[in-house]
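**Student:** Sharing coords_31.cif (mmCIF, N, CA and C atoms) below.
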```
data_data
#
loop_
_atom_site.label_atom_id
_atom_site.label_comp_id
_atom_site.auth_asym_id
_atom_site.auth_seq_id
_atom_site.Cartn_x
_atom_site.Cartn_y
_atom_site.Cartn_z
N MET A 198 27.77 26.71 -11.46
CA MET A 198 26.96 26.74 -10.26
C MET A 198 27.29 27.97 -9.42
N ALA A 199 28.57 28.26 -9.31
CA ALA A 199 28.99 29.41 -8.50
C ALA A 199 28.45 30.70 -9.06
N ASP A 200 28.44 30.83 -10.38
CA ASP A 200 27.94 32.07 -10.98
C ASP A 200 26.45 32.26 -10.72
N VAL A 201 25.68 31.16 -10.75
CA VAL A 201 24.26 31.25 -10.39
C VAL A 201 24.13 31.70 -8.94
N TRP A 202 24.93 31.10 -8.06
CA TRP A 202 24.90 31.48 -6.65
C TRP A 202 25.20 32.97 -6.49
N LEU A 203 26.22 33.45 -7.16
CA LEU A 203 26.62 34.86 -7.05
C LEU A 203 25.51 35.79 -7.55
N ARG A 204 24.93 35.47 -8.70
CA ARG A 204 23.84 36.32 -9.24
C ARG A 204 22.62 36.29 -8.33
N SER A 205 22.29 35.11 -7.85
CA SER A 205 21.11 34.97 -7.01
C SER A 205 21.29 35.70 -5.68
N PHE A 206 22.45 35.52 -5.06
CA PHE A 206 22.72 36.19 -3.79
C PHE A 206 22.62 37.70 -3.96
N ALA A 207 23.23 38.23 -5.02
CA ALA A 207 23.21 39.68 -5.25
C ALA A 207 21.78 40.19 -5.44
N ALA A 208 20.96 39.43 -6.17
CA ALA A 208 19.59 39.87 -6.44
C ALA A 208 18.68 39.73 -5.23
N ALA A 209 18.81 38.63 -4.49
CA ALA A 209 17.88 38.35 -3.40
C ALA A 209 18.28 38.99 -2.08
N LEU A 210 19.59 39.25 -1.92
CA LEU A 210 20.08 39.70 -0.62
C LEU A 210 20.98 40.93 -0.75
N PRO A 211 20.49 42.00 -1.38
CA PRO A 211 21.37 43.15 -1.63
C PRO A 211 21.88 43.83 -0.36
N THR A 212 21.20 43.65 0.77
CA THR A 212 21.64 44.31 2.00
C THR A 212 22.54 43.44 2.86
N VAL A 213 22.74 42.18 2.45
CA VAL A 213 23.54 41.26 3.25
C VAL A 213 25.00 41.33 2.79
N ARG A 214 25.88 41.50 3.76
CA ARG A 214 27.31 41.55 3.48
C ARG A 214 27.78 40.15 3.10
N ARG A 215 28.42 40.04 1.94
CA ARG A 215 28.99 38.75 1.55
C ARG A 215 30.30 38.53 2.29
N ALA A 216 30.49 37.35 2.83
CA ALA A 216 31.68 37.04 3.61
C ALA A 216 32.89 36.71 2.74
N HIS A 217 32.65 36.39 1.46
CA HIS A 217 33.74 35.96 0.58
C HIS A 217 33.59 36.59 -0.80
N GLY A 218 34.71 36.84 -1.44
CA GLY A 218 34.73 37.38 -2.79
C GLY A 218 34.35 36.33 -3.82
N ASP A 219 34.17 36.80 -5.06
CA ASP A 219 33.73 35.91 -6.14
C ASP A 219 34.66 34.71 -6.33
N ASP A 220 35.96 34.94 -6.35
CA ASP A 220 36.90 33.83 -6.56
C ASP A 220 36.83 32.82 -5.43
N ASP A 221 36.67 33.30 -4.20
CA ASP A 221 36.53 32.38 -3.06
C ASP A 221 35.26 31.54 -3.19
N VAL A 222 34.18 32.16 -3.65
CA VAL A 222 32.93 31.42 -3.84
C VAL A 222 33.12 30.36 -4.91
N ARG A 223 33.77 30.71 -6.01
CA ARG A 223 34.01 29.73 -7.07
C ARG A 223 34.88 28.56 -6.56
N ASN A 224 35.91 28.88 -5.79
CA ASN A 224 36.76 27.82 -5.22
C ASN A 224 35.98 26.94 -4.25
N TRP A 225 35.12 27.56 -3.45
CA TRP A 225 34.29 26.81 -2.50
C TRP A 225 33.40 25.81 -3.24
N PHE A 226 32.81 26.24 -4.35
CA PHE A 226 31.99 25.32 -5.14
C PHE A 226 32.85 24.20 -5.70
N SER A 227 34.02 24.54 -6.24
CA SER A 227 34.89 23.54 -6.86
C SER A 227 35.45 22.53 -5.87
N TYR A 228 35.85 23.00 -4.70
CA TYR A 228 36.57 22.14 -3.77
C TYR A 228 35.78 21.67 -2.56
N VAL A 229 34.60 22.23 -2.34
CA VAL A 229 33.79 21.82 -1.20
C VAL A 229 32.41 21.34 -1.65
N VAL A 230 31.63 22.21 -2.27
CA VAL A 230 30.24 21.89 -2.58
C VAL A 230 30.15 20.67 -3.50
N ILE A 231 30.80 20.72 -4.64
CA ILE A 231 30.65 19.63 -5.61
C ILE A 231 31.22 18.30 -5.10
N PRO A 232 32.42 18.28 -4.53
CA PRO A 232 32.92 16.97 -4.08
C PRO A 232 32.29 16.43 -2.80
N ARG A 233 31.78 17.29 -1.93
CA ARG A 233 31.32 16.83 -0.61
C ARG A 233 29.81 16.70 -0.48
N TYR A 234 29.05 17.49 -1.24
CA TYR A 234 27.60 17.49 -1.09
C TYR A 234 26.96 16.75 -2.26
N GLU A 235 25.75 16.28 -2.03
CA GLU A 235 24.94 15.75 -3.12
C GLU A 235 24.39 16.96 -3.87
N THR A 236 24.83 17.15 -5.08
CA THR A 236 24.48 18.37 -5.82
C THR A 236 23.65 18.04 -7.06
N TRP A 237 22.75 18.94 -7.35
CA TRP A 237 21.87 18.83 -8.51
C TRP A 237 21.84 20.19 -9.18
N VAL A 238 21.70 20.20 -10.50
CA VAL A 238 21.56 21.45 -11.22
C VAL A 238 20.37 21.37 -12.16
N ALA A 239 19.79 22.52 -12.42
CA ALA A 239 18.78 22.66 -13.47
C ALA A 239 19.47 23.39 -14.61
N VAL A 240 19.26 22.90 -15.82
CA VAL A 240 19.91 23.45 -17.00
C VAL A 240 18.85 23.83 -18.02
N ALA A 241 19.03 24.98 -18.65
CA ALA A 241 18.17 25.41 -19.76
C ALA A 241 19.05 26.10 -20.78
N GLY A 242 18.86 25.75 -22.02
CA GLY A 242 19.65 26.37 -23.08
C GLY A 242 21.15 26.17 -22.91
N GLY A 243 21.54 25.05 -22.31
CA GLY A 243 22.94 24.75 -22.12
C GLY A 243 23.60 25.46 -20.95
N SER A 244 22.83 26.21 -20.16
CA SER A 244 23.39 26.94 -19.01
C SER A 244 22.72 26.49 -17.72
N VAL A 245 23.51 26.48 -16.65
CA VAL A 245 22.95 26.19 -15.33
C VAL A 245 22.07 27.36 -14.91
N ILE A 246 20.84 27.04 -14.50
CA ILE A 246 19.89 28.07 -14.07
C ILE A 246 19.50 27.94 -12.60
N GLY A 247 19.93 26.83 -11.98
CA GLY A 247 19.60 26.63 -10.58
C GLY A 247 20.43 25.52 -10.01
N LEU A 248 20.52 25.50 -8.67
CA LEU A 248 21.31 24.47 -8.01
C LEU A 248 20.68 24.09 -6.68
N LEU A 249 20.89 22.84 -6.33
CA LEU A 249 20.45 22.28 -5.05
C LEU A 249 21.62 21.48 -4.50
N ALA A 250 21.95 21.69 -3.25
CA ALA A 250 22.99 20.91 -2.59
C ALA A 250 22.46 20.40 -1.26
N LEU A 251 22.58 19.10 -1.05
CA LEU A 251 22.15 18.46 0.18
C LEU A 251 23.37 17.93 0.91
N ASP A 252 23.40 18.15 2.22
CA ASP A 252 24.47 17.65 3.08
C ASP A 252 23.82 16.89 4.21
N GLY A 253 23.70 15.59 4.07
CA GLY A 253 22.94 14.81 5.05
C GLY A 253 21.49 15.26 5.01
N GLU A 254 20.95 15.59 6.17
CA GLU A 254 19.55 16.05 6.24
C GLU A 254 19.43 17.56 6.06
N GLU A 255 20.54 18.21 5.74
CA GLU A 255 20.55 19.67 5.59
C GLU A 255 20.40 20.05 4.12
N LEU A 256 19.40 20.87 3.83
CA LEU A 256 19.30 21.49 2.51
C LEU A 256 20.30 22.65 2.57
N GLU A 257 21.48 22.41 2.06
CA GLU A 257 22.60 23.32 2.22
C GLU A 257 22.51 24.53 1.30
N GLN A 258 22.12 24.31 0.06
CA GLN A 258 22.05 25.40 -0.92
C GLN A 258 20.87 25.17 -1.85
N LEU A 259 20.11 26.23 -2.10
CA LEU A 259 19.08 26.22 -3.14
C LEU A 259 19.05 27.64 -3.70
N TYR A 260 19.59 27.78 -4.89
CA TYR A 260 19.68 29.09 -5.53
C TYR A 260 19.25 28.97 -6.98
N LEU A 261 18.56 29.98 -7.46
CA LEU A 261 18.12 30.05 -8.84
C LEU A 261 18.64 31.32 -9.49
N ASP A 262 18.95 31.23 -10.77
CA ASP A 262 19.27 32.43 -11.51
C ASP A 262 18.07 33.36 -11.38
N PRO A 263 18.29 34.64 -11.10
CA PRO A 263 17.15 35.55 -10.88
C PRO A 263 16.10 35.53 -11.99
N SER A 264 16.51 35.33 -13.22
CA SER A 264 15.53 35.33 -14.33
C SER A 264 14.65 34.08 -14.32
N TRP A 265 15.00 33.09 -13.51
CA TRP A 265 14.22 31.85 -13.46
C TRP A 265 13.38 31.73 -12.19
N ARG A 266 13.41 32.71 -11.33
CA ARG A 266 12.57 32.67 -10.14
C ARG A 266 11.11 32.77 -10.52
N GLY A 267 10.26 32.07 -9.79
CA GLY A 267 8.81 32.12 -10.03
C GLY A 267 8.36 31.30 -11.22
N ARG A 268 9.21 30.39 -11.71
CA ARG A 268 8.86 29.60 -12.89
C ARG A 268 8.78 28.10 -12.59
N GLY A 269 8.75 27.74 -11.30
CA GLY A 269 8.56 26.35 -10.92
C GLY A 269 9.84 25.54 -10.70
N VAL A 270 10.99 26.11 -11.00
CA VAL A 270 12.24 25.38 -10.83
C VAL A 270 12.50 25.10 -9.35
N GLY A 271 12.30 26.09 -8.51
CA GLY A 271 12.50 25.90 -7.07
C GLY A 271 11.55 24.85 -6.51
N ASP A 272 10.29 24.86 -6.98
CA ASP A 272 9.32 23.85 -6.54
C ASP A 272 9.82 22.45 -6.88
N ARG A 273 10.36 22.31 -8.08
CA ARG A 273 10.87 20.99 -8.50
C ARG A 273 12.08 20.58 -7.67
N PHE A 274 12.93 21.54 -7.32
CA PHE A 274 14.07 21.23 -6.47
C PHE A 274 13.61 20.77 -5.08
N ILE A 275 12.61 21.45 -4.52
CA ILE A 275 12.10 21.05 -3.21
C ILE A 275 11.50 19.65 -3.27
N ASP A 276 10.73 19.37 -4.31
CA ASP A 276 10.17 18.02 -4.46
C ASP A 276 11.29 16.98 -4.53
N LEU A 277 12.34 17.28 -5.28
CA LEU A 277 13.48 16.38 -5.39
C LEU A 277 14.15 16.18 -4.02
N ALA A 278 14.38 17.27 -3.31
CA ALA A 278 15.02 17.18 -2.00
C ALA A 278 14.19 16.32 -1.04
N LYS A 279 12.88 16.49 -1.06
CA LYS A 279 12.02 15.69 -0.18
C LYS A 279 12.04 14.22 -0.57
N ARG A 280 12.12 13.92 -1.87
CA ARG A 280 12.23 12.52 -2.30
C ARG A 280 13.58 11.93 -1.87
N GLN A 281 14.63 12.74 -1.94
CA GLN A 281 15.96 12.26 -1.56
C GLN A 281 16.11 12.11 -0.05
N ARG A 282 15.36 12.89 0.71
CA ARG A 282 15.43 12.87 2.18
C ARG A 282 14.02 12.73 2.76
N PRO A 283 13.40 11.58 2.56
CA PRO A 283 11.99 11.42 2.98
C PRO A 283 11.77 11.49 4.49
N ALA A 284 12.82 11.36 5.28
CA ALA A 284 12.66 11.45 6.74
C ALA A 284 12.60 12.89 7.21
N GLY A 285 13.03 13.85 6.37
CA GLY A 285 12.96 15.25 6.75
C GLY A 285 14.19 16.03 6.33
N LEU A 286 14.04 17.33 6.37
CA LEU A 286 15.09 18.27 5.98
C LEU A 286 15.14 19.45 6.94
N ASP A 287 16.31 20.04 7.03
CA ASP A 287 16.51 21.28 7.77
C ASP A 287 17.25 22.24 6.87
N LEU A 288 17.09 23.53 7.11
CA LEU A 288 17.80 24.55 6.34
C LEU A 288 17.85 25.84 7.12
N TRP A 289 18.74 26.71 6.70
CA TRP A 289 18.84 28.07 7.24
C TRP A 289 18.58 29.06 6.11
N THR A 290 17.96 30.17 6.45
CA THR A 290 17.86 31.31 5.54
C THR A 290 17.95 32.58 6.38
N PHE A 291 18.28 33.67 5.73
CA PHE A 291 18.38 34.94 6.46
C PHE A 291 17.00 35.49 6.75
N GLN A 292 16.87 36.14 7.91
CA GLN A 292 15.59 36.72 8.29
C GLN A 292 15.13 37.81 7.32
N VAL A 293 16.07 38.50 6.68
CA VAL A 293 15.67 39.55 5.73
C VAL A 293 15.15 38.98 4.42
N ASN A 294 15.28 37.68 4.22
CA ASN A 294 14.87 37.07 2.96
C ASN A 294 13.43 36.57 3.05
N GLY A 295 12.51 37.52 3.08
CA GLY A 295 11.09 37.19 3.16
C GLY A 295 10.60 36.28 2.04
N PRO A 296 11.00 36.53 0.78
CA PRO A 296 10.55 35.63 -0.28
C PRO A 296 10.98 34.17 -0.05
N ALA A 297 12.19 33.95 0.43
CA ALA A 297 12.63 32.58 0.70
C ALA A 297 11.81 31.97 1.83
N GLN A 298 11.54 32.74 2.86
CA GLN A 298 10.74 32.22 3.97
C GLN A 298 9.34 31.84 3.50
N ARG A 299 8.71 32.68 2.69
CA ARG A 299 7.38 32.35 2.17
C ARG A 299 7.44 31.11 1.28
N PHE A 300 8.48 30.98 0.48
CA PHE A 300 8.66 29.82 -0.39
C PHE A 300 8.75 28.55 0.45
N TYR A 301 9.61 28.54 1.46
CA TYR A 301 9.78 27.33 2.27
C TYR A 301 8.51 27.02 3.07
N GLU A 302 7.85 28.03 3.60
CA GLU A 302 6.61 27.80 4.34
C GLU A 302 5.52 27.25 3.43
N ARG A 303 5.49 27.68 2.19
CA ARG A 303 4.53 27.15 1.21
C ARG A 303 4.79 25.66 0.96
N HIS A 304 6.03 25.23 1.20
CA HIS A 304 6.40 23.83 1.01
C HIS A 304 6.48 23.06 2.34
N ASP A 305 5.72 23.55 3.33
CA ASP A 305 5.53 22.87 4.61
C ASP A 305 6.75 22.87 5.52
N PHE A 306 7.70 23.76 5.30
CA PHE A 306 8.78 23.95 6.26
C PHE A 306 8.27 24.89 7.35
N VAL A 307 8.70 24.66 8.57
CA VAL A 307 8.29 25.52 9.68
C VAL A 307 9.52 26.11 10.36
N PRO A 308 9.43 27.39 10.77
CA PRO A 308 10.57 27.98 11.47
C PRO A 308 10.68 27.38 12.87
N VAL A 309 11.90 27.02 13.27
CA VAL A 309 12.09 26.41 14.58
C VAL A 309 13.13 27.14 15.43
N GLU A 310 13.89 28.05 14.82
CA GLU A 310 14.92 28.75 15.59
C GLU A 310 15.28 30.05 14.88
N TYR A 311 15.36 31.12 15.64
CA TYR A 311 15.81 32.41 15.13
C TYR A 311 17.10 32.77 15.85
N THR A 312 18.08 33.31 15.11
CA THR A 312 19.34 33.70 15.74
C THR A 312 19.66 35.15 15.44
N ASP A 313 20.64 35.67 16.16
CA ASP A 313 21.09 37.04 15.95
C ASP A 313 22.17 37.13 14.87
N GLY A 314 22.56 36.00 14.29
CA GLY A 314 23.55 35.99 13.22
C GLY A 314 24.99 35.91 13.67
N LEU A 315 25.22 35.83 14.95
CA LEU A 315 26.61 35.80 15.43
C LEU A 315 27.36 34.52 15.06
N HIS A 316 26.64 33.51 14.60
CA HIS A 316 27.29 32.23 14.27
C HIS A 316 27.33 31.94 12.78
N ASN A 317 27.00 32.92 11.94
CA ASN A 317 27.19 32.72 10.50
C ASN A 317 28.23 33.73 10.00
N GLU A 318 28.81 33.45 8.86
CA GLU A 318 29.92 34.27 8.36
C GLU A 318 29.50 35.69 7.99
N GLU A 319 28.25 35.87 7.68
CA GLU A 319 27.76 37.19 7.28
C GLU A 319 27.35 38.04 8.48
N TYR A 320 27.25 37.42 9.64
CA TYR A 320 26.76 38.09 10.86
C TYR A 320 25.38 38.69 10.63
N GLU A 321 24.55 37.93 9.94
CA GLU A 321 23.21 38.36 9.58
C GLU A 321 22.20 37.48 10.33
N PRO A 322 21.21 38.07 11.03
CA PRO A 322 20.19 37.26 11.70
C PRO A 322 19.58 36.24 10.73
N ASP A 323 19.44 35.02 11.21
CA ASP A 323 18.90 33.99 10.34
C ASP A 323 17.82 33.18 11.06
N VAL A 324 17.23 32.26 10.31
CA VAL A 324 16.15 31.43 10.83
C VAL A 324 16.35 30.02 10.30
N ARG A 325 16.18 29.06 11.20
CA ARG A 325 16.29 27.65 10.83
C ARG A 325 14.89 27.10 10.57
N TYR A 326 14.74 26.40 9.46
CA TYR A 326 13.48 25.77 9.08
C TYR A 326 13.63 24.26 9.09
N THR A 327 12.53 23.59 9.38
CA THR A 327 12.49 22.13 9.39
C THR A 327 11.27 21.67 8.61
N TRP A 328 11.47 20.60 7.86
CA TRP A 328 10.35 19.89 7.23
C TRP A 328 10.41 18.44 7.68
N ARG A 329 9.30 17.96 8.20
CA ARG A 329 9.16 16.55 8.54
C ARG A 329 7.87 16.07 7.89
N PRO A 330 7.91 14.90 7.25
CA PRO A 330 6.68 14.40 6.60
C PRO A 330 5.61 14.11 7.64
N GLN A 331 4.38 14.33 7.24
CA GLN A 331 3.27 14.02 8.14
C GLN A 331 3.02 12.52 8.15
N PRO A 332 2.64 11.97 9.30
CA PRO A 332 2.23 10.56 9.31
C PRO A 332 1.05 10.37 8.36
N PRO A 333 0.90 9.20 7.75
CA PRO A 333 -0.16 8.98 6.76
C PRO A 333 -1.56 9.35 7.24
N ALA A 334 -1.90 9.05 8.50
CA ALA A 334 -3.24 9.37 9.01
C ALA A 334 -3.46 10.89 9.05
N VAL A 335 -2.44 11.64 9.43
CA VAL A 335 -2.55 13.11 9.49
C VAL A 335 -2.68 13.67 8.09
N ALA A 336 -1.86 13.16 7.17
CA ALA A 336 -1.90 13.65 5.78
C ALA A 336 -3.26 13.36 5.16
N ALA A 337 -3.82 12.18 5.41
CA ALA A 337 -5.13 11.83 4.86
C ALA A 337 -6.22 12.74 5.41
N ALA A 338 -6.17 13.01 6.72
CA ALA A 338 -7.16 13.90 7.34
C ALA A 338 -7.04 15.32 6.78
N ALA A 339 -5.82 15.77 6.57
CA ALA A 339 -5.62 17.11 6.02
C ALA A 339 -6.15 17.20 4.59
N ALA A 340 -6.00 16.14 3.83
CA ALA A 340 -6.46 16.13 2.45
C ALA A 340 -7.99 16.16 2.37
N GLU A 341 -8.66 15.63 3.37
CA GLU A 341 -10.13 15.59 3.38
C GLU A 341 -10.74 16.94 3.70
N THR A 342 -9.99 17.84 4.33
CA THR A 342 -10.57 19.14 4.71
C THR A 342 -10.43 20.15 3.64
#
```
Show me, as structure tokens, the structure contained in the file I just sent.
**Tutor:**
Amino acid sequence: MADVWLRSFAAALPTVRRAHGDDDVRNWFSYVVIPRYETWVAVAGGSVIGLLALDGEELEQLYLDPSWRGRGVGDRFIDLAKRQRPAGLDLWTFQVNGPAQRFYERHDFVPVEYTDGLHNEEYEPDVRYTWRPQPPAVAAAAAET
């Protein structure tokens, strides 16, 4: 899982300073992410190609191996996360990550807060997204249009 995270971060966020080295990231996955979060992986050909980690109502991590982006794996992870947290989800992404923002907005997440990055380890401006399910009457009306 950590190796997918490392490859994905490097490919998607080349201008963002990483706060931790590779070994620290691997230890964080081993000692924090896997034991504390609800974690899911996508596997192809015997290798992990994507990961999802949920921490309460927070979508904590969603990363795909760069070669698997745009192939529906992320969509399936979002569907899974929404099934696991039907009352709603929140997440953070960096403001420079336009593809991630478009992905989440396509899945009905809305931006609710922008920051200057002073409260994340990378000191990178970020944006908080929220997804809340629509009430049945609203969803039905939207489907009719």
**Student:** For each of A:Ala207, A:Pro232, A:Asp220, A:Gly267, take the minimum atom-to-atom distance to A:Phe300, counting only C-alpha atoms, then give the residue where this is smallest.
**Tutor:**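 Of A:Ala207, A:Pro232, A:Asp220, A:Gly267, the one nearest A:Phe300, counting only C-alpha atoms, is A:Gly267.
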**Student:** Identify, with DSSP run on backbone atoms, the residues in stretch 200-342 of chain A assigned to alpha helix (DSSP H), and express the list as a PyMOL selection string.
**Tutor:** chain A and resi 200-209+219-225+231-233+270-281+295-303+333-341
**Student:** To test your reading of the syntax: which residues would the PyMOL selection byres ((chain A and resi 247-249) around 5) return for the file shown? Reply as a list in words.
**Tutor:**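 The output of the PyMOL selection byres ((chain A and resi 247-249) around 5) on this file is Thr236, Trp237, Val238, Ala239, Val245, Ile246, Ala250, Leu251, Gln258, Leu259, Tyr260, Leu261 and Asp262 of chain A.
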**Student:** Which one is closest to A:Ala199: A:Gln331, A:Thr212, A:Thr312, A:Ser227? Count all atoms listed in the file.
**Tutor:**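 Of the candidates, the smallest distance to A:Ala199 is held by A:Ser227.
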**Student:** Pick out the closest residue to A:Val213 from this set: A:Glu319, A:Val307, A:Tyr301, A:Thr327. Count all atoms listed in the file.
**Tutor:**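 Nearest to A:Val213: A:Glu319.
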**Student:** Some atoms are missing, so please complete stretch 321-330 of chain A with all heavy atoms and return it as a PDB file, in the coordinates of the input.
**Tutor:**
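Dumped to result.pdb:
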```
ATOM      1  N   GLU A 321      24.550  37.930   9.940  1.00  0.00           N
ATOM      2  CA  GLU A 321      23.210  38.360   9.580  1.00  0.00           C
ATOM      3  C   GLU A 321      22.200  37.480  10.330  1.00  0.00           C
ATOM      4  O   GLU A 321      22.308  36.250  10.308  1.00  0.00           O
ATOM      5  CB  GLU A 321      23.017  38.206   8.072  1.00  0.00           C
ATOM      6  CG  GLU A 321      21.685  38.659   7.554  1.00  0.00           C
ATOM      7  CD  GLU A 321      21.529  40.169   7.556  1.00  0.00           C
ATOM      8  OE1 GLU A 321      22.522  40.899   7.396  1.00  0.00           O
ATOM      9  OE2 GLU A 321      20.375  40.625   7.711  1.00  0.00           O
ATOM     10  N   PRO A 322      21.210  38.070  11.030  1.00  0.00           N
ATOM     11  CA  PRO A 322      20.190  37.260  11.700  1.00  0.00           C
ATOM     12  C   PRO A 322      19.580  36.240  10.730  1.00  0.00           C
ATOM     13  O   PRO A 322      19.266  36.586   9.579  1.00  0.00           O
ATOM     14  CB  PRO A 322      19.160  38.285  12.171  1.00  0.00           C
ATOM     15  CG  PRO A 322      19.973  39.540  12.359  1.00  0.00           C
ATOM     16  CD  PRO A 322      20.984  39.509  11.231  1.00  0.00           C
ATOM     17  N   ASP A 323      19.440  35.020  11.210  1.00  0.00           N
ATOM     18  CA  ASP A 323      18.900  33.990  10.340  1.00  0.00           C
ATOM     19  C   ASP A 323      17.820  33.180  11.060  1.00  0.00           C
ATOM     20  O   ASP A 323      17.528  33.409  12.225  1.00  0.00           O
ATOM     21  CB  ASP A 323      20.006  33.089   9.775  1.00  0.00           C
ATOM     22  CG  ASP A 323      20.921  32.487  10.826  1.00  0.00           C
ATOM     23  OD1 ASP A 323      20.640  32.610  12.041  1.00  0.00           O
ATOM     24  OD2 ASP A 323      21.925  31.874  10.443  1.00  0.00           O
ATOM     25  N   VAL A 324      17.230  32.260  10.310  1.00  0.00           N
ATOM     26  CA  VAL A 324      16.150  31.430  10.830  1.00  0.00           C
ATOM     27  C   VAL A 324      16.350  30.020  10.300  1.00  0.00           C
ATOM     28  O   VAL A 324      16.692  29.825   9.141  1.00  0.00           O
ATOM     29  CB  VAL A 324      14.756  31.997  10.459  1.00  0.00           C
ATOM     30  CG1 VAL A 324      14.595  32.205   8.973  1.00  0.00           C
ATOM     31  CG2 VAL A 324      13.639  31.116  11.000  1.00  0.00           C
ATOM     32  N   ARG A 325      16.180  29.060  11.200  1.00  0.00           N
ATOM     33  CA  ARG A 325      16.290  27.650  10.830  1.00  0.00           C
ATOM     34  C   ARG A 325      14.890  27.100  10.570  1.00  0.00           C
ATOM     35  O   ARG A 325      13.963  27.324  11.371  1.00  0.00           O
ATOM     36  CB  ARG A 325      16.958  26.857  11.947  1.00  0.00           C
ATOM     37  CG  ARG A 325      17.184  25.387  11.604  1.00  0.00           C
ATOM     38  CD  ARG A 325      18.072  24.728  12.660  1.00  0.00           C
ATOM     39  NE  ARG A 325      18.509  23.416  12.248  1.00  0.00           N
ATOM     40  CZ  ARG A 325      19.476  23.155  11.365  1.00  0.00           C
ATOM     41  NH1 ARG A 325      20.104  24.150  10.778  1.00  0.00           N
ATOM     42  NH2 ARG A 325      19.800  21.914  11.060  1.00  0.00           N
ATOM     43  N   TYR A 326      14.740  26.400   9.460  1.00  0.00           N
ATOM     44  CA  TYR A 326      13.480  25.770   9.080  1.00  0.00           C
ATOM     45  C   TYR A 326      13.630  24.260   9.090  1.00  0.00           C
ATOM     46  O   TYR A 326      14.710  23.735   8.807  1.00  0.00           O
ATOM     47  CB  TYR A 326      13.061  26.212   7.669  1.00  0.00           C
ATOM     48  CG  TYR A 326      12.337  27.525   7.629  1.00  0.00           C
ATOM     49  CD1 TYR A 326      13.042  28.717   7.533  1.00  0.00           C
ATOM     50  CD2 TYR A 326      10.950  27.581   7.686  1.00  0.00           C
ATOM     51  CE1 TYR A 326      12.377  29.931   7.495  1.00  0.00           C
ATOM     52  CE2 TYR A 326      10.277  28.787   7.647  1.00  0.00           C
ATOM     53  CZ  TYR A 326      11.001  29.959   7.554  1.00  0.00           C
ATOM     54  OH  TYR A 326      10.331  31.152   7.518  1.00  0.00           O
ATOM     55  N   THR A 327      12.530  23.590   9.380  1.00  0.00           N
ATOM     56  CA  THR A 327      12.490  22.130   9.390  1.00  0.00           C
ATOM     57  C   THR A 327      11.270  21.670   8.610  1.00  0.00           C
ATOM     58  O   THR A 327      10.199  22.272   8.689  1.00  0.00           O
ATOM     59  CB  THR A 327      12.398  21.605  10.835  1.00  0.00           C
ATOM     60  OG1 THR A 327      13.587  21.983  11.528  1.00  0.00           O
ATOM     61  CG2 THR A 327      12.269  20.101  10.885  1.00  0.00           C
ATOM     62  N   TRP A 328      11.470  20.600   7.860  1.00  0.00           N
ATOM     63  CA  TRP A 328      10.350  19.890   7.230  1.00  0.00           C
ATOM     64  C   TRP A 328      10.410  18.440   7.680  1.00  0.00           C
ATOM     65  O   TRP A 328      11.469  17.799   7.621  1.00  0.00           O
ATOM     66  CB  TRP A 328      10.438  19.950   5.701  1.00  0.00           C
ATOM     67  CG  TRP A 328       9.474  18.990   5.057  1.00  0.00           C
ATOM     68  CD1 TRP A 328       8.126  19.150   4.922  1.00  0.00           C
ATOM     69  CD2 TRP A 328       9.789  17.701   4.518  1.00  0.00           C
ATOM     70  NE1 TRP A 328       7.581  18.034   4.327  1.00  0.00           N
ATOM     71  CE2 TRP A 328       8.580  17.134   4.068  1.00  0.00           C
ATOM     72  CE3 TRP A 328      10.962  16.961   4.390  1.00  0.00           C
ATOM     73  CZ2 TRP A 328       8.522  15.872   3.487  1.00  0.00           C
ATOM     74  CZ3 TRP A 328      10.898  15.709   3.812  1.00  0.00           C
ATOM     75  CH2 TRP A 328       9.690  15.175   3.361  1.00  0.00           C
ATOM     76  N   ARG A 329       9.300  17.960   8.200  1.00  0.00           N
ATOM     77  CA  ARG A 329       9.160  16.550   8.540  1.00  0.00           C
ATOM     78  C   ARG A 329       7.870  16.070   7.890  1.00  0.00           C
ATOM     79  O   ARG A 329       6.836  16.749   7.961  1.00  0.00           O
ATOM     80  CB  ARG A 329       9.072  16.327  10.060  1.00  0.00           C
ATOM     81  CG  ARG A 329      10.308  16.756  10.824  1.00  0.00           C
ATOM     82  CD  ARG A 329      11.504  15.880  10.493  1.00  0.00           C
ATOM     83  NE  ARG A 329      12.699  16.275  11.189  1.00  0.00           N
ATOM     84  CZ  ARG A 329      13.668  17.050  10.693  1.00  0.00           C
ATOM     85  NH1 ARG A 329      13.549  17.557   9.484  1.00  0.00           N
ATOM     86  NH2 ARG A 329      14.731  17.338  11.395  1.00  0.00           N
ATOM     87  N   PRO A 330       7.910  14.900   7.250  1.00  0.00           N
ATOM     88  CA  PRO A 330       6.680  14.400   6.600  1.00  0.00           C
ATOM     89  C   PRO A 330       5.610  14.110   7.640  1.00  0.00           C
ATOM     90  O   PRO A 330       5.918  13.718   8.773  1.00  0.00           O
ATOM     91  CB  PRO A 330       7.146  13.127   5.898  1.00  0.00           C
ATOM     92  CG  PRO A 330       8.374  12.708   6.628  1.00  0.00           C
ATOM     93  CD  PRO A 330       9.016  13.966   7.150  1.00  0.00           C
TER      94      PRO A 330
END
```
